[in-house]
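Inspection log for the structure reproduced underneath, given as structure tokens.
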Amino acid sequence: MGTRHLICVVKDGEYKVAQYGQWDGYLSGQGQDIVKFIIKSMEKDKFLNSLDKCRFIDVEGKDKELIDSDNRTPEQIEWYNTFLIRDLGSGILINIQKSEKKKYCLWIVEILQRTQYFVDMLMF
């Protein structure tokens with residue numbers, strides 16, 4: 001169901017992830033999937049270390065061409081599908097944990113300006 005949401009992860013009092021999602025933004029949807037990740041899949045130390053590699057997208061600066069371009073390289077397409085696409089939902093959490101590369105996540109202000117949302121907040 002098209003229920004918008006925002007999955008946020010805060011570490012040491014700082015937002016590390018603010019990921020917009022388009023689908024199943026209710027507790028029995030994405031909320032349940034987040035709980036499953038925490039209980040079954042999360043490797044706490046690895047996940048927390050991976051969060052330190054996250055940075056927010058510079059939508060008006062150096063990342064603009066990656067977001068707006070129809071001519072992305074295969075690597076840019078993989079990045080987009082792994083960290084940015086709105087269909088990820090709670091999948092962003094496992095993708096962050098599994099990735100060895102720098103990560104990118106939507107910045108909360110951009111989402112607040114564009115849509116209504118629900119917030120699922122994980123506090124570490």
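Ligands are numbered from 1 in the order shown, residues from 1 within each chain, and chains are lettered A, B, ... in the order they appear in the structure tokens.
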task: Quick one: everything within 10 Å of A:Leu93, counting only C-alpha atoms, minus sequence neighbours fewer than 6 positions away in the same chain. Send it as a PyMOL selection string.
output: chain A and resi 7-9+17+19+34+37-38+41-42+47+50-51+83
Requested write-out: C-alpha atoms of the selected residues, as a short mmCIF file (atom, residue, chain, number, x, y, z; two decimals), in the first residue's frame:
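Below is the file that was written, again00.cif:
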```
data_model
loop_
_atom_site.label_atom_id
_atom_site.label_comp_id
_atom_site.auth_asym_id
_atom_site.auth_seq_id
_atom_site.Cartn_x
_atom_site.Cartn_y
_atom_site.Cartn_z
CA ILE A 7 13.10 5.72 8.39
CA CYS A 8 15.63 7.54 10.54
CA VAL A 9 18.66 6.28 12.40
CA VAL A 17 19.99 7.99 8.02
CA GLN A 19 15.41 7.46 4.18
CA ILE A 34 12.72 -2.95 11.11
CA PHE A 37 16.24 -6.57 11.01
CA ILE A 38 17.19 -5.69 14.59
CA SER A 41 19.97 -9.63 10.85
CA MET A 42 21.66 -6.76 12.64
CA PHE A 47 26.01 -1.74 11.56
CA SER A 50 28.80 1.37 8.78
CA LEU A 51 26.68 4.29 10.00
CA PHE A 83 20.80 3.59 -1.13
#
```
query: Which residues, written as a ChimeraX atom specification, have at least one atom at most 12 Å from A:Glu75, with only C-alpha atoms counted and residues fewer than 5 positions away on the same chain left out?
result: /A:66,80-82,101
field: Sel. of strand (DSSP E or B) residues, stretch 11-106 of chain A, as a list of chain:residue names
entry: A:Lys11, A:Glu14, A:Tyr15, A:Lys16, A:Val17, A:Ala18, A:Gln19, A:Tyr20, A:Gly21, A:Cys54, A:Arg55, A:Phe56, A:Lys103, A:Tyr104, A:Cys105
For the residues selected in the previous step, produce a file with C-alpha atoms as a short mmCIF file (atom, residue, chain, number, x, y, z; two decimals), in the first residue's frame.
```cif
data_model
loop_
_atom_site.label_atom_id
_atom_site.label_comp_id
_atom_site.auth_asym_id
_atom_site.auth_seq_id
_atom_site.Cartn_x
_atom_site.Cartn_y
_atom_site.Cartn_z
CA LYS A 11 23.70 7.67 16.46
CA GLU A 14 23.16 12.87 15.12
CA TYR A 15 20.97 11.78 12.22
CA LYS A 16 22.87 9.22 10.16
CA VAL A 17 19.99 7.99 8.02
CA ALA A 18 16.79 9.70 6.91
CA GLN A 19 15.41 7.46 4.18
CA TYR A 20 12.11 8.23 2.44
CA GLY A 21 9.96 5.23 1.54
CA CYS A 54 27.06 7.52 5.84
CA ARG A 55 26.75 11.04 4.59
CA PHE A 56 23.79 12.97 3.32
CA LYS A 103 26.95 5.33 1.75
CA TYR A 104 24.49 8.03 0.84
CA CYS A 105 21.09 8.69 2.35
#
```
query: Rounded to one decimal in Å, what is the spacing between atom CA of A:Arg72 and atom CA of A:Asp58?
result: 16.7 Å
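Computed from the coordinates, the atom CA of A:Tyr26 to atom CA of A:His5 distance equals 7.8 Å.
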task: Name the residues in contact with A:Thr3 at a cut-off of 7 Å, using only C-alpha atoms, excluding same-chain residues fewer than 2 positions from it; report them as a ChimeraX atom specification.
output: /A:1,5,22-25
Residues just named, written with C-alpha atoms as a PDB file, in the first residue's frame:
```pdb
ATOM      1  CA  MET A   1       0.000   0.000   0.000  1.00  0.00           C
ATOM      2  CA  HIS A   5       7.301   6.953   5.638  1.00  0.00           C
ATOM      3  CA  GLN A  22       6.830   4.958  -0.564  1.00  0.00           C
ATOM      4  CA  TRP A  23       5.295   1.663   0.593  1.00  0.00           C
ATOM      5  CA  ASP A  24       3.905   0.060   3.756  1.00  0.00           C
ATOM      6  CA  GLY A  25       4.823   2.900   6.107  1.00  0.00           C
TER       7      GLY A  25
END
```
message: Please identify the helix (DSSP H, G or I) residues within stretch 22-62 of chain A (assignment by DSSP from backbone atoms) and present them as an MDAnalysis selection string.
response: chainID A and resid 27:41 44:51
Restrict the selected residues to C-alpha atoms and save them as a tab-separated table (two decimals), in the first residue's frame.
```tsv
chain	number	residue	atom	x	y	z
A	27	LEU	CA	3.92	-0.40	12.03
A	28	SER	CA	2.78	-3.76	10.67
A	29	GLY	CA	4.68	-3.01	7.43
A	30	GLN	CA	8.01	-1.22	7.68
A	31	GLY	CA	7.86	-1.19	11.49
A	32	GLN	CA	7.71	-4.99	11.57
A	33	ASP	CA	10.51	-5.24	9.01
A	34	ILE	CA	12.72	-2.95	11.11
A	35	VAL	CA	12.13	-5.13	14.18
A	36	LYS	CA	13.01	-8.25	12.13
A	37	PHE	CA	16.24	-6.57	11.01
A	38	ILE	CA	17.19	-5.69	14.59
A	39	ILE	CA	16.39	-9.15	15.97
A	40	LYS	CA	17.53	-11.42	13.13
A	41	SER	CA	19.97	-9.63	10.85
A	44	LYS	CA	25.40	-4.34	15.95
A	45	ASP	CA	29.11	-3.44	15.76
A	46	LYS	CA	29.21	-3.76	11.97
A	47	PHE	CA	26.01	-1.74	11.56
A	48	LEU	CA	27.15	1.02	13.91
A	49	ASN	CA	30.54	1.22	12.15
A	50	SER	CA	28.80	1.37	8.78
A	51	LEU	CA	26.68	4.29	10.00
```
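In this model, the gap between atom CA of A:Asn71 and atom CA of A:Lys98 comes to 26.4 Å.
Residue nearest A:Trp79, chosen from A:Glu43, A:Ile96, A:Arg4, A:Gly61 and counting only C-alpha atoms: A:Ile96.
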